[in-house]
$ cat final_4.tsv   # TSV, C-alpha atoms
chain	number	residue	atom	x	y	z
O	781	MET	CA	15.93	0.80	22.17
O	782	HIS	CA	16.16	1.33	18.41
O	783	THR	CA	13.35	1.23	15.84
O	784	ILE	CA	14.34	-0.33	12.52
O	785	ARG	CA	12.27	0.10	9.36
O	786	VAL	CA	12.28	-2.67	6.74
O	787	TRP	CA	11.13	-1.63	3.27
O	788	PHE	CA	9.64	-4.25	0.99
O	789	ALA	CA	7.60	-4.79	-2.15
O	790	LYS	CA	4.46	-6.94	-2.18
O	791	ARG	CA	3.66	-8.06	-5.71
O	792	HIS	CA	2.11	-10.75	-7.90
O	793	GLU	CA	0.39	-13.57	-5.97
O	794	ALA	CA	1.59	-12.12	-2.64
O	795	CYS	CA	-1.03	-9.36	-2.99
O	796	TYR	CA	-3.60	-11.94	-1.87
O	797	ILE	CA	-1.91	-12.45	1.50
O	798	SER	CA	-4.12	-10.72	4.06
O	799	HIS	CA	-2.65	-8.23	6.52
O	800	LEU	CA	-3.12	-10.66	9.43
O	801	ASP	CA	-1.31	-13.41	7.53
O	802	LEU	CA	1.39	-10.92	6.48
O	803	GLN	CA	2.09	-10.22	10.15
O	804	ARG	CA	2.59	-13.96	10.71
O	805	VAL	CA	4.81	-14.22	7.63
O	806	VAL	CA	7.03	-11.36	8.83
O	807	GLN	CA	7.28	-12.72	12.38
O	808	ARG	CA	8.32	-16.11	11.00
O	809	ALA	CA	10.91	-14.49	8.71
O	810	LEU	CA	12.40	-12.48	11.59
O	811	LYS	CA	12.72	-15.64	13.67
O	812	LEU	CA	14.29	-17.62	10.81
O	813	ALA	CA	16.72	-14.77	10.17
O	814	ARG	CA	17.61	-14.75	13.90
O	815	VAL	CA	17.07	-11.03	14.16
O	816	PRO	CA	17.64	-9.72	17.73
O	817	VAL	CA	14.12	-8.28	18.05
O	818	TRP	CA	12.50	-6.85	21.15
O	819	TYR	CA	9.43	-8.65	22.47
O	820	THR	CA	6.50	-7.03	24.21
O	821	GLN	CA	6.14	-7.64	27.94
O	822	GLY	CA	3.30	-9.40	29.75
O	823	PHE	CA	1.64	-12.83	29.77
O	824	ASN	CA	1.80	-13.25	25.98
O	825	PRO	CA	5.10	-11.80	24.71
O	826	HIS	CA	5.26	-11.25	20.95
O	827	ILE	CA	7.47	-9.42	18.49
O	828	TYR	CA	6.76	-5.69	18.35
O	829	LEU	CA	5.73	-4.93	14.76
O	830	THR	CA	4.23	-1.82	13.19
O	831	PHE	CA	3.13	-1.63	9.56
O	832	ALA	CA	2.99	1.93	8.24
O	833	MET	CA	-0.21	1.63	6.18
O	834	PRO	CA	-1.71	-1.86	5.76
O	835	LEU	CA	-2.41	-2.65	2.12
O	836	PRO	CA	-5.93	-3.78	1.10
O	837	LEU	CA	-6.23	-7.35	-0.13
O	838	GLY	CA	-5.58	-7.75	-3.85
O	839	GLN	CA	-3.46	-4.62	-4.25
O	840	GLN	CA	0.25	-4.61	-5.01
O	841	SER	CA	2.85	-2.19	-3.70
O	842	ILE	CA	6.50	-1.25	-4.14
O	843	THR	CA	6.65	0.92	-1.02
O	844	GLU	CA	5.59	-1.16	2.01
O	845	SER	CA	7.37	-1.10	5.36
O	846	PHE	CA	7.28	-2.60	8.82
O	847	ASP	CA	9.08	-1.51	12.00
O	848	PHE	CA	10.62	-3.68	14.68
O	849	ARG	CA	12.53	-2.76	17.80
O	850	THR	CA	15.91	-3.99	18.96
O	851	GLU	CA	18.23	-3.30	21.88
O	852	GLN	CA	21.28	-4.08	19.77
O	853	GLU	CA	23.37	-1.01	19.03
O	854	ARG	CA	24.42	-2.04	15.55
O	855	LEU	CA	22.82	-4.41	13.06
O	856	ASP	CA	24.48	-5.94	10.03
O	857	THR	CA	21.81	-4.66	7.64
O	858	ALA	CA	23.47	-6.26	4.61
O	859	ALA	CA	23.29	-9.71	6.20
O	860	LEU	CA	19.77	-9.00	7.46
O	861	TYR	CA	18.70	-8.06	3.93
O	862	TRP	CA	19.78	-11.43	2.54
O	863	GLU	CA	18.47	-13.49	5.44
O	864	LEU	CA	15.03	-11.89	5.36
O	865	ASN	CA	14.70	-12.32	1.60
O	866	ARG	CA	15.64	-15.99	1.98
O	867	ALA	CA	12.89	-16.45	4.59
O	868	LEU	CA	10.09	-14.49	2.88
O	869	PRO	CA	7.72	-16.05	0.33
O	870	ARG	CA	7.76	-15.30	-3.38
O	871	GLY	CA	6.30	-11.89	-4.17
O	872	ILE	CA	7.51	-10.25	-0.94
O	873	GLU	CA	10.97	-8.75	-1.37
O	874	VAL	CA	12.96	-6.55	1.02
O	875	PHE	CA	14.78	-3.75	-0.81
O	876	ASP	CA	16.08	-1.53	2.03
O	877	ILE	CA	16.59	-1.42	5.81
O	878	THR	CA	16.85	1.96	7.54
O	879	PRO	CA	16.28	3.67	10.90
O	880	ALA	CA	12.68	4.85	11.25
O	881	LYS	CA	12.79	8.58	10.55
O	882	MET	CA	9.06	9.41	10.55
O	883	GLY	CA	6.07	8.08	12.44
O	884	PRO	CA	3.25	6.37	10.48
O	885	GLY	CA	0.94	9.11	11.73
O	886	GLN	CA	2.68	11.53	9.35
O	887	ILE	CA	1.33	9.72	6.30
O	888	ALA	CA	-1.38	11.77	4.60
O	889	PHE	CA	-1.45	10.62	0.96
O	890	ALA	CA	-0.73	7.54	-1.15
O	891	ARG	CA	0.16	7.41	-4.81
O	892	TYR	CA	-1.13	4.59	-7.01
O	893	LEU	CA	-0.72	3.28	-10.53
O	894	ILE	CA	-4.05	1.89	-11.73
O	895	ARG	CA	-3.79	-0.19	-14.88
O	896	PHE	CA	-6.79	-0.67	-17.17
O	897	ASP	CA	-6.49	-3.54	-19.65
O	898	GLY	CA	-7.94	-3.13	-23.12
O	899	ASP	CA	-7.67	-0.52	-25.83
O	900	ALA	CA	-5.58	2.20	-24.16
O	901	GLN	CA	-7.04	5.20	-25.95
O	902	GLN	CA	-10.63	4.09	-25.58
O	903	MET	CA	-10.17	3.07	-21.95
O	904	GLN	CA	-8.46	6.34	-21.03
O	905	SER	CA	-11.26	8.33	-22.64
O	906	ARG	CA	-13.99	6.40	-20.79
O	907	VAL	CA	-12.27	6.61	-17.41
O	908	GLU	CA	-11.30	10.28	-17.76
O	909	GLU	CA	-14.87	11.22	-18.67
O	910	PHE	CA	-16.03	9.52	-15.47
O	911	LEU	CA	-13.32	11.14	-13.31
O	912	SER	CA	-14.12	14.61	-14.67
O	913	GLN	CA	-17.64	14.62	-13.25
O	914	LYS	CA	-18.46	17.32	-10.72
O	915	GLU	CA	-19.81	14.70	-8.30
O	916	ILE	CA	-18.96	11.02	-7.78
O	917	LEU	CA	-20.97	9.61	-4.89
O	918	VAL	CA	-19.92	6.35	-3.22
O	919	ASP	CA	-20.79	4.48	-0.04
O	920	LYS	CA	-17.83	4.33	2.35
O	921	ARG	CA	-17.66	2.20	5.48
O	922	THR	CA	-16.92	4.06	8.70
O	923	LYS	CA	-14.57	2.91	11.46
O	924	ARG	CA	-17.60	1.98	13.55
O	925	GLY	CA	-18.93	-0.38	10.88
O	926	GLY	CA	-21.55	1.94	9.44
O	927	VAL	CA	-21.85	3.33	5.94
O	928	ARG	CA	-21.86	6.95	4.85
O	929	GLN	CA	-22.12	8.50	1.42
O	930	MET	CA	-19.28	10.69	0.27
O	931	ASP	CA	-18.21	12.53	-2.86
O	932	LEU	CA	-14.91	11.35	-4.37
O	933	ALA	CA	-14.68	14.09	-6.99
O	934	PRO	CA	-12.83	16.67	-4.79
O	935	TYR	CA	-10.02	14.15	-4.14
O	936	LEU	CA	-9.23	13.16	-7.74
O	937	GLY	CA	-7.36	16.26	-8.88
O	938	ARG	CA	-3.85	14.83	-8.53
O	939	ARG	CA	-3.88	12.48	-11.49
O	940	SER	CA	-2.19	11.96	-14.83
O	941	TRP	CA	-2.05	9.29	-17.53
O	942	LEU	CA	1.16	7.42	-18.24
O	943	PRO	CA	2.25	5.71	-21.46
O	944	GLY	CA	1.22	2.06	-21.59
O	945	GLU	CA	3.69	-0.78	-21.13
O	946	GLY	CA	3.70	-1.81	-24.78
O	947	ASP	CA	0.65	-4.05	-24.44
O	948	GLY	CA	-2.06	-1.44	-25.01
O	949	ALA	CA	-3.02	-0.86	-21.36
O	950	ALA	CA	-4.00	2.56	-19.99
O	951	VAL	CA	-2.20	3.51	-16.76
O	952	LEU	CA	-3.56	6.13	-14.36
O	953	ASP	CA	-1.20	7.78	-11.86
O	954	LEU	CA	-3.49	8.86	-8.98
O	955	THR	CA	-2.79	10.33	-5.53
O	956	LEU	CA	-5.45	9.88	-2.84
O	957	PRO	CA	-5.78	10.79	0.84
O	958	ALA	CA	-4.36	8.02	3.05
O	959	GLY	CA	-4.08	8.69	6.74
O	960	SER	CA	-5.83	8.64	10.08
O	961	THR	CA	-8.13	11.53	9.12
O	962	LEU	CA	-9.21	10.24	5.70
O	963	ASN	CA	-8.14	7.08	3.90
O	964	LEU	CA	-9.57	6.43	0.43
O	965	ASN	CA	-9.17	2.94	-1.01
O	966	PRO	CA	-8.87	2.99	-4.83
O	967	ASP	CA	-11.34	0.09	-4.87
O	968	LEU	CA	-14.05	2.64	-3.99
O	969	LEU	CA	-13.32	4.40	-7.26
O	970	LEU	CA	-13.18	1.20	-9.31
O	971	ASN	CA	-16.49	-0.03	-7.91
O	972	ALA	CA	-18.15	3.29	-8.77
O	973	LEU	CA	-16.54	3.15	-12.20
O	974	GLU	CA	-17.98	-0.33	-12.80
O	975	GLN	CA	-21.49	0.81	-11.90
O	976	ALA	CA	-21.29	3.86	-14.15
O	977	THR	CA	-19.40	2.48	-17.16
O	978	GLY	CA	-19.37	-1.31	-16.90
O	979	ILE	CA	-15.56	-1.49	-16.69
O	980	ASP	CA	-14.87	-4.69	-14.77
O	981	PRO	CA	-12.50	-4.29	-11.76
O	982	LEU	CA	-11.10	-7.70	-12.72
O	983	ASP	CA	-9.68	-6.00	-15.81
O	984	THR	CA	-7.72	-3.59	-13.63
O	985	SER	CA	-4.79	-3.80	-11.22
O	986	ILE	CA	-3.62	-1.43	-8.48
O	987	CYS	CA	-0.05	-0.83	-7.34
O	988	ARG	CA	0.83	1.63	-4.57
O	989	THR	CA	4.04	3.45	-5.48
O	990	GLN	CA	4.52	6.09	-2.75
O	991	LEU	CA	3.43	7.12	0.72
O	992	LEU	CA	3.50	10.88	1.26
O	993	THR	CA	3.25	13.35	4.13
O	994	ALA	CA	0.82	16.28	4.30
O	995	ASP	CA	3.31	18.49	2.41
O	996	PHE	CA	3.82	15.76	-0.22
O	997	LYS	CA	7.25	14.68	0.94
O	998	GLU	CA	8.06	11.02	0.67
O	999	PHE	CA	7.48	9.04	3.88
O	1000	GLU	CA	10.78	7.90	5.39

$ encode --input "final_4.tsv" --output "structure tokens"
Amino acid sequence: MHTIRVWFAKRHEACYISHLDLQRVVQRALKLARVPVWYTQGFNPHIYLTFAMPLPLGQQSITESFDFRTEQERLDTAALYWELNRALPRGIEVFDITPAKMGPGQIAFARYLIRFDGDAQQMQSRVEEFLSQKEILVDKRTKRGGVRQMDLAPYLGRRSWLPGEGDGAAVLDLTLPAGSTLNLNPDLLLNALEQATGIDPLDTSICRTQLLTADFKEFE
């Protein structure tokens, strides 16, 4: 049995496809591409699929992946690349197919580009002043459905500002915890920012650019 990892980007309108619907989209694409996938056993066999770190609704990414299993010794990855891209909807694009080298449990951090529309200098100054506070309290949902208050400030140290894209936007490069122990959604930060400064989350966009291990090596 071999585990194959398919790397893809999820951008533009595709960011509004929920994770559950994304699973259906990928299963359909694998069937259309006639990939020799392994099915689970039991009364309701289905394609074995594992997504490394499901992306929250409304966020884009250039570093997504899903794993499937196959009993076939060798796959024509070049042909698979073209067939999958033909079967996937606009905004979801496969860019690489590799053996799975690491387990999803090794992911500890995620790197994001957060774009703030508006006057770049003014926006950067407002956001940086907020991020530099000694304490930023937010309400975070727990795995059991409850809510607990936590301080985001200790987790915001790995950040920098990038030059805009020629249209005046401010772009924040931010790395946050993302794993089974602690997973911080950038939306938590944007919601707190809205309450404190009035910056509308609708005037921002989030793109995940890297998944990293505990020692900040790129997830493979």

$ closest_residue --input "final_4.tsv" --among "O:Met882, O:Val786, O:Ala794, O:Ile827" --to "Glu1000 (chain O)" --atoms "all atoms listed in the file"
O:Met882

$ residues_around --input "final_4.tsv" --residues "Gly871 (chain O)" --least-positions-apart "5" --cutoff "9 Å" --atoms "all atoms listed in the file" --output "MDAnalysis selection string"
chainID O and resid 789:795

$ atom_distance --input "final_4.tsv" --atom1 "CA of Val951 (chain O)" --atom2 "CA of Gly898 (chain O)"
10.8 Å

$ residues_around --input "final_4.tsv" --residues "Phe910 (chain O)" --least-positions-apart "6" --cutoff "10 Å" --atoms "all atoms listed in the file" --output "ChimeraX atom specification"
/O:904,916,933,972-973,976-977

$ closest_residue --input "final_4.tsv" --among "O:Asp995, O:Asp847, O:Asp931, O:Asp856" --to "Met833 (chain O)" --atoms "all atoms listed in the file"
O:Asp847

$ closest_residue --input "final_4.tsv" --among "O:Phe896, O:Gln852, O:Ile887, O:Phe788" --to "Leu868 (chain O)" --atoms "all atoms listed in the file"
O:Phe788

$ closest_atom_pairs --input "final_4.tsv" --of "region 830-906 of chain O" --to "region 813-826 of chain O" --cutoff "8 Å" --atoms "only C-alpha atoms" --output "tab-separated table"
residue	atom	partner	partner_atom	distance
O:Phe848	CA	O:Val817	CA	6.7
O:Arg849	CA	O:Trp818	CA	5.3
O:Thr850	CA	O:Val817	CA	4.7
O:Glu851	CA	O:Trp818	CA	6.8
O:Gln852	CA	O:Pro816	CA	7.0
O:Leu860	CA	O:Ala813	CA	7.1
O:Glu863	CA	O:Ala813	CA	5.2
O:Leu864	CA	O:Ala813	CA	5.9
O:Ala867	CA	O:Ala813	CA	7.0

$ closest_residue --input "final_4.tsv" --among "O:Asn865, O:Ile784, O:Pro981, O:Arg988" --to "Lys881 (chain O)" --atoms "all atoms listed in the file"
O:Ile784

$ atom_distance --input "final_4.tsv" --atom1 "CA of Phe846 (chain O)" --atom2 "CA of Ala832 (chain O)"
6.3 Å

$ closest_residue --input "final_4.tsv" --among "O:Gly926, O:Gly959, O:Gly948, O:Gly838" --to "Asp897 (chain O)" --atoms "only C-alpha atoms"
O:Gly948

$ atom_distance --input "final_4.tsv" --atom1 "CA of Leu969 (chain O)" --atom2 "CA of Arg870 (chain O)"
29.1 Å

$ axis_aligned_box --input "final_4.tsv" --around "region 875-893 of chain O" --padding-each-side "4 Å" --output "AutoDock Vina command-line options"
--center_x 7.7 --center_y 4.0 --center_z 1.0 --size_x 26.3 --size_y 23.5 --size_z 31.0

$ residues_near_point --input "final_4.tsv" --point "(-13.3, 15.8, -6.2)" --cutoff "10 Å" --atoms "all atoms listed in the file" --output "PyMOL selection string"
chain O and resi 911-917+931-938

$ closest_residue --input "final_4.tsv" --among "O:Asp967, O:Lys923, O:Met903, O:Leu982" --to "Ala950 (chain O)" --atoms "only C-alpha atoms"
O:Met903

$ residues_around --input "final_4.tsv" --residues "Leu991 (chain O)" --least-positions-apart "2" --cutoff "9 Å" --atoms "all atoms listed in the file" --output "list in words"
Met833, Thr843, Glu844, Ile887, Ala888, Phe889, Ala890, Arg891, Ala958, Arg988, Thr989, Thr993, Phe996, Lys997, Glu998, Phe999 and Glu1000 of chain O

$ residues_near_point --input "final_4.tsv" --point "(3.3, -11.8, 12.1)" --cutoff "12 Å" --atoms "only C-alpha atoms" --output "PyMOL selection string"
chain O and resi 797-811+826-831+846-848+868

$ residues_around --input "final_4.tsv" --residues "Cys987 (chain O)" --least-positions-apart "2" --cutoff "6 Å" --atoms "only C-alpha atoms" --output "list in words"
Gln839, Gln840, Ser841, Tyr892 and Leu893 of chain O

$ residues_around --input "final_4.tsv" --residues "Gln929 (chain O)" --least-positions-apart "3" --cutoff "9 Å" --atoms "all atoms listed in the file" --output "list in words"
Leu917, Val918, Asp919, Lys920 and Arg921 of chain O

$ decode --input "final_4.tsv" --residues "region 821-932 of chain O" --atoms "C-alpha atoms" --output "PDB file, in the first residue's frame"
ATOM      1  CA  GLN O 821     -13.481  -1.837   3.921  1.00  0.00           C
ATOM      2  CA  GLY O 822     -16.871  -2.488   5.512  1.00  0.00           C
ATOM      3  CA  PHE O 823     -20.552  -1.919   4.699  1.00  0.00           C
ATOM      4  CA  ASN O 824     -19.978   1.546   3.200  1.00  0.00           C
ATOM      5  CA  PRO O 825     -16.701   1.521   1.241  1.00  0.00           C
ATOM      6  CA  HIS O 826     -15.361   4.964   0.335  1.00  0.00           C
ATOM      7  CA  ILE O 827     -12.130   6.460  -0.945  1.00  0.00           C
ATOM      8  CA  TYR O 828      -9.510   6.870   1.775  1.00  0.00           C
ATOM      9  CA  LEU O 829      -8.712  10.592   1.930  1.00  0.00           C
ATOM     10  CA  THR O 830      -6.718  12.624   4.443  1.00  0.00           C
ATOM     11  CA  PHE O 831      -6.404  16.414   4.294  1.00  0.00           C
ATOM     12  CA  ALA O 832      -3.351  17.718   6.143  1.00  0.00           C
ATOM     13  CA  MET O 833      -4.937  20.807   7.725  1.00  0.00           C
ATOM     14  CA  PRO O 834      -8.483  21.721   6.620  1.00  0.00           C
ATOM     15  CA  LEU O 835      -8.725  25.354   5.581  1.00  0.00           C
ATOM     16  CA  PRO O 836     -11.381  27.589   7.219  1.00  0.00           C
ATOM     17  CA  LEU O 837     -14.140  28.822   4.930  1.00  0.00           C
ATOM     18  CA  GLY O 838     -13.300  32.035   3.101  1.00  0.00           C
ATOM     19  CA  GLN O 839      -9.515  31.658   3.283  1.00  0.00           C
ATOM     20  CA  GLN O 840      -7.269  30.996   0.307  1.00  0.00           C
ATOM     21  CA  SER O 841      -4.151  28.841   0.218  1.00  0.00           C
ATOM     22  CA  ILE O 842      -1.267  27.921  -2.060  1.00  0.00           C
ATOM     23  CA  THR O 843      -0.120  24.974   0.064  1.00  0.00           C
ATOM     24  CA  GLU O 844      -3.028  22.530   0.502  1.00  0.00           C
ATOM     25  CA  SER O 845      -2.701  18.762   0.217  1.00  0.00           C
ATOM     26  CA  PHE O 846      -4.699  15.567   0.404  1.00  0.00           C
ATOM     27  CA  ASP O 847      -3.501  11.961   0.673  1.00  0.00           C
ATOM     28  CA  PHE O 848      -4.951   8.883  -0.979  1.00  0.00           C
ATOM     29  CA  ARG O 849      -3.813   5.284  -0.913  1.00  0.00           C
ATOM     30  CA  THR O 850      -3.161   2.956  -3.818  1.00  0.00           C
ATOM     31  CA  GLU O 851      -1.934  -0.607  -4.248  1.00  0.00           C
ATOM     32  CA  GLN O 852      -0.399   0.233  -7.621  1.00  0.00           C
ATOM     33  CA  GLU O 853       3.387   0.170  -7.548  1.00  0.00           C
ATOM     34  CA  ARG O 854       3.901   3.018  -9.986  1.00  0.00           C
ATOM     35  CA  LEU O 855       1.649   5.905 -10.959  1.00  0.00           C
ATOM     36  CA  ASP O 856       2.003   8.101 -14.003  1.00  0.00           C
ATOM     37  CA  THR O 857       2.048  11.319 -11.972  1.00  0.00           C
ATOM     38  CA  ALA O 858       2.350  13.517 -15.066  1.00  0.00           C
ATOM     39  CA  ALA O 859      -0.856  12.075 -16.529  1.00  0.00           C
ATOM     40  CA  LEU O 860      -2.534  12.197 -13.114  1.00  0.00           C
ATOM     41  CA  TYR O 861      -1.619  15.885 -12.796  1.00  0.00           C
ATOM     42  CA  TRP O 862      -3.410  16.758 -16.045  1.00  0.00           C
ATOM     43  CA  GLU O 863      -6.419  14.525 -15.443  1.00  0.00           C
ATOM     44  CA  LEU O 864      -7.045  15.873 -11.942  1.00  0.00           C
ATOM     45  CA  ASN O 865      -6.770  19.488 -13.078  1.00  0.00           C
ATOM     46  CA  ARG O 866      -9.257  18.771 -15.861  1.00  0.00           C
ATOM     47  CA  ALA O 867     -11.726  17.344 -13.325  1.00  0.00           C
ATOM     48  CA  LEU O 868     -11.355  19.980 -10.579  1.00  0.00           C
ATOM     49  CA  PRO O 869     -13.392  23.211 -10.511  1.00  0.00           C
ATOM     50  CA  ARG O 870     -11.968  26.648 -11.196  1.00  0.00           C
ATOM     51  CA  GLY O 871      -9.883  27.943  -8.304  1.00  0.00           C
ATOM     52  CA  ILE O 872      -8.590  24.511  -7.250  1.00  0.00           C
ATOM     53  CA  GLU O 873      -5.365  23.645  -9.050  1.00  0.00           C
ATOM     54  CA  VAL O 874      -3.003  20.711  -8.501  1.00  0.00           C
ATOM     55  CA  PHE O 875       0.653  21.758  -8.716  1.00  0.00           C
ATOM     56  CA  ASP O 876       2.548  18.658  -7.503  1.00  0.00           C
ATOM     57  CA  ILE O 877       2.105  14.961  -6.690  1.00  0.00           C
ATOM     58  CA  THR O 878       4.587  13.275  -4.342  1.00  0.00           C
ATOM     59  CA  PRO O 879       4.910  10.373  -1.898  1.00  0.00           C
ATOM     60  CA  ALA O 880       3.760  11.378   1.589  1.00  0.00           C
ATOM     61  CA  LYS O 881       6.963  12.016   3.537  1.00  0.00           C
ATOM     62  CA  MET O 882       5.539  13.389   6.803  1.00  0.00           C
ATOM     63  CA  GLY O 883       2.390  12.724   8.791  1.00  0.00           C
ATOM     64  CA  PRO O 884      -0.138  15.563   9.273  1.00  0.00           C
ATOM     65  CA  GLY O 885       0.501  15.267  13.008  1.00  0.00           C
ATOM     66  CA  GLN O 886       3.916  16.856  12.457  1.00  0.00           C
ATOM     67  CA  ILE O 887       2.369  20.183  11.463  1.00  0.00           C
ATOM     68  CA  ALA O 888       2.852  22.772  14.208  1.00  0.00           C
ATOM     69  CA  PHE O 889       2.679  26.180  12.480  1.00  0.00           C
ATOM     70  CA  ALA O 890       1.074  27.851   9.475  1.00  0.00           C
ATOM     71  CA  ARG O 891       2.255  30.930   7.641  1.00  0.00           C
ATOM     72  CA  TYR O 892      -0.250  33.432   6.260  1.00  0.00           C
ATOM     73  CA  LEU O 893      -0.316  36.541   4.123  1.00  0.00           C
ATOM     74  CA  ILE O 894      -3.031  38.875   5.397  1.00  0.00           C
ATOM     75  CA  ARG O 895      -3.874  41.693   3.024  1.00  0.00           C
ATOM     76  CA  PHE O 896      -5.442  44.920   4.282  1.00  0.00           C
ATOM     77  CA  ASP O 897      -7.040  47.099   1.602  1.00  0.00           C
ATOM     78  CA  GLY O 898      -6.774  50.864   1.891  1.00  0.00           C
ATOM     79  CA  ASP O 899      -3.958  53.302   2.450  1.00  0.00           C
ATOM     80  CA  ALA O 900      -0.970  50.996   3.027  1.00  0.00           C
ATOM     81  CA  GLN O 901       1.005  53.222   5.376  1.00  0.00           C
ATOM     82  CA  GLN O 902      -1.976  54.190   7.481  1.00  0.00           C
ATOM     83  CA  MET O 903      -3.312  50.631   7.614  1.00  0.00           C
ATOM     84  CA  GLN O 904       0.065  49.170   8.578  1.00  0.00           C
ATOM     85  CA  SER O 905       0.435  51.712  11.371  1.00  0.00           C
ATOM     86  CA  ARG O 906      -3.040  50.977  12.790  1.00  0.00           C
ATOM     87  CA  VAL O 907      -2.631  47.208  12.649  1.00  0.00           C
ATOM     88  CA  GLU O 908       0.918  47.205  14.023  1.00  0.00           C
ATOM     89  CA  GLU O 909      -0.133  49.362  16.964  1.00  0.00           C
ATOM     90  CA  PHE O 910      -2.834  46.804  17.761  1.00  0.00           C
ATOM     91  CA  LEU O 911      -0.478  43.813  17.362  1.00  0.00           C
ATOM     92  CA  SER O 912       2.139  45.398  19.638  1.00  0.00           C
ATOM     93  CA  GLN O 913      -0.127  45.361  22.677  1.00  0.00           C
ATOM     94  CA  LYS O 914       1.031  43.335  25.657  1.00  0.00           C
ATOM     95  CA  GLU O 915      -2.341  41.554  25.811  1.00  0.00           C
ATOM     96  CA  ILE O 916      -4.930  40.734  23.128  1.00  0.00           C
ATOM     97  CA  LEU O 917      -7.800  38.778  24.636  1.00  0.00           C
ATOM     98  CA  VAL O 918     -10.174  36.814  22.395  1.00  0.00           C
ATOM     99  CA  ASP O 919     -12.847  34.166  22.863  1.00  0.00           C
ATOM    100  CA  LYS O 920     -11.822  30.853  21.290  1.00  0.00           C
ATOM    101  CA  ARG O 921     -14.103  27.868  20.821  1.00  0.00           C
ATOM    102  CA  THR O 922     -12.895  24.609  22.344  1.00  0.00           C
ATOM    103  CA  LYS O 923     -13.088  21.173  20.728  1.00  0.00           C
ATOM    104  CA  ARG O 924     -15.985  20.334  23.047  1.00  0.00           C
ATOM    105  CA  GLY O 925     -18.042  23.286  21.820  1.00  0.00           C
ATOM    106  CA  GLY O 926     -17.342  25.604  24.732  1.00  0.00           C
ATOM    107  CA  VAL O 927     -15.651  28.984  24.742  1.00  0.00           C
ATOM    108  CA  ARG O 928     -12.521  30.028  26.599  1.00  0.00           C
ATOM    109  CA  GLN O 929     -10.689  33.317  26.701  1.00  0.00           C
ATOM    110  CA  MET O 930      -7.096  33.362  25.563  1.00  0.00           C
ATOM    111  CA  ASP O 931      -4.357  35.894  24.946  1.00  0.00           C
ATOM    112  CA  LEU O 932      -3.129  36.078  21.327  1.00  0.00           C
TER     113      LEU O 932
END
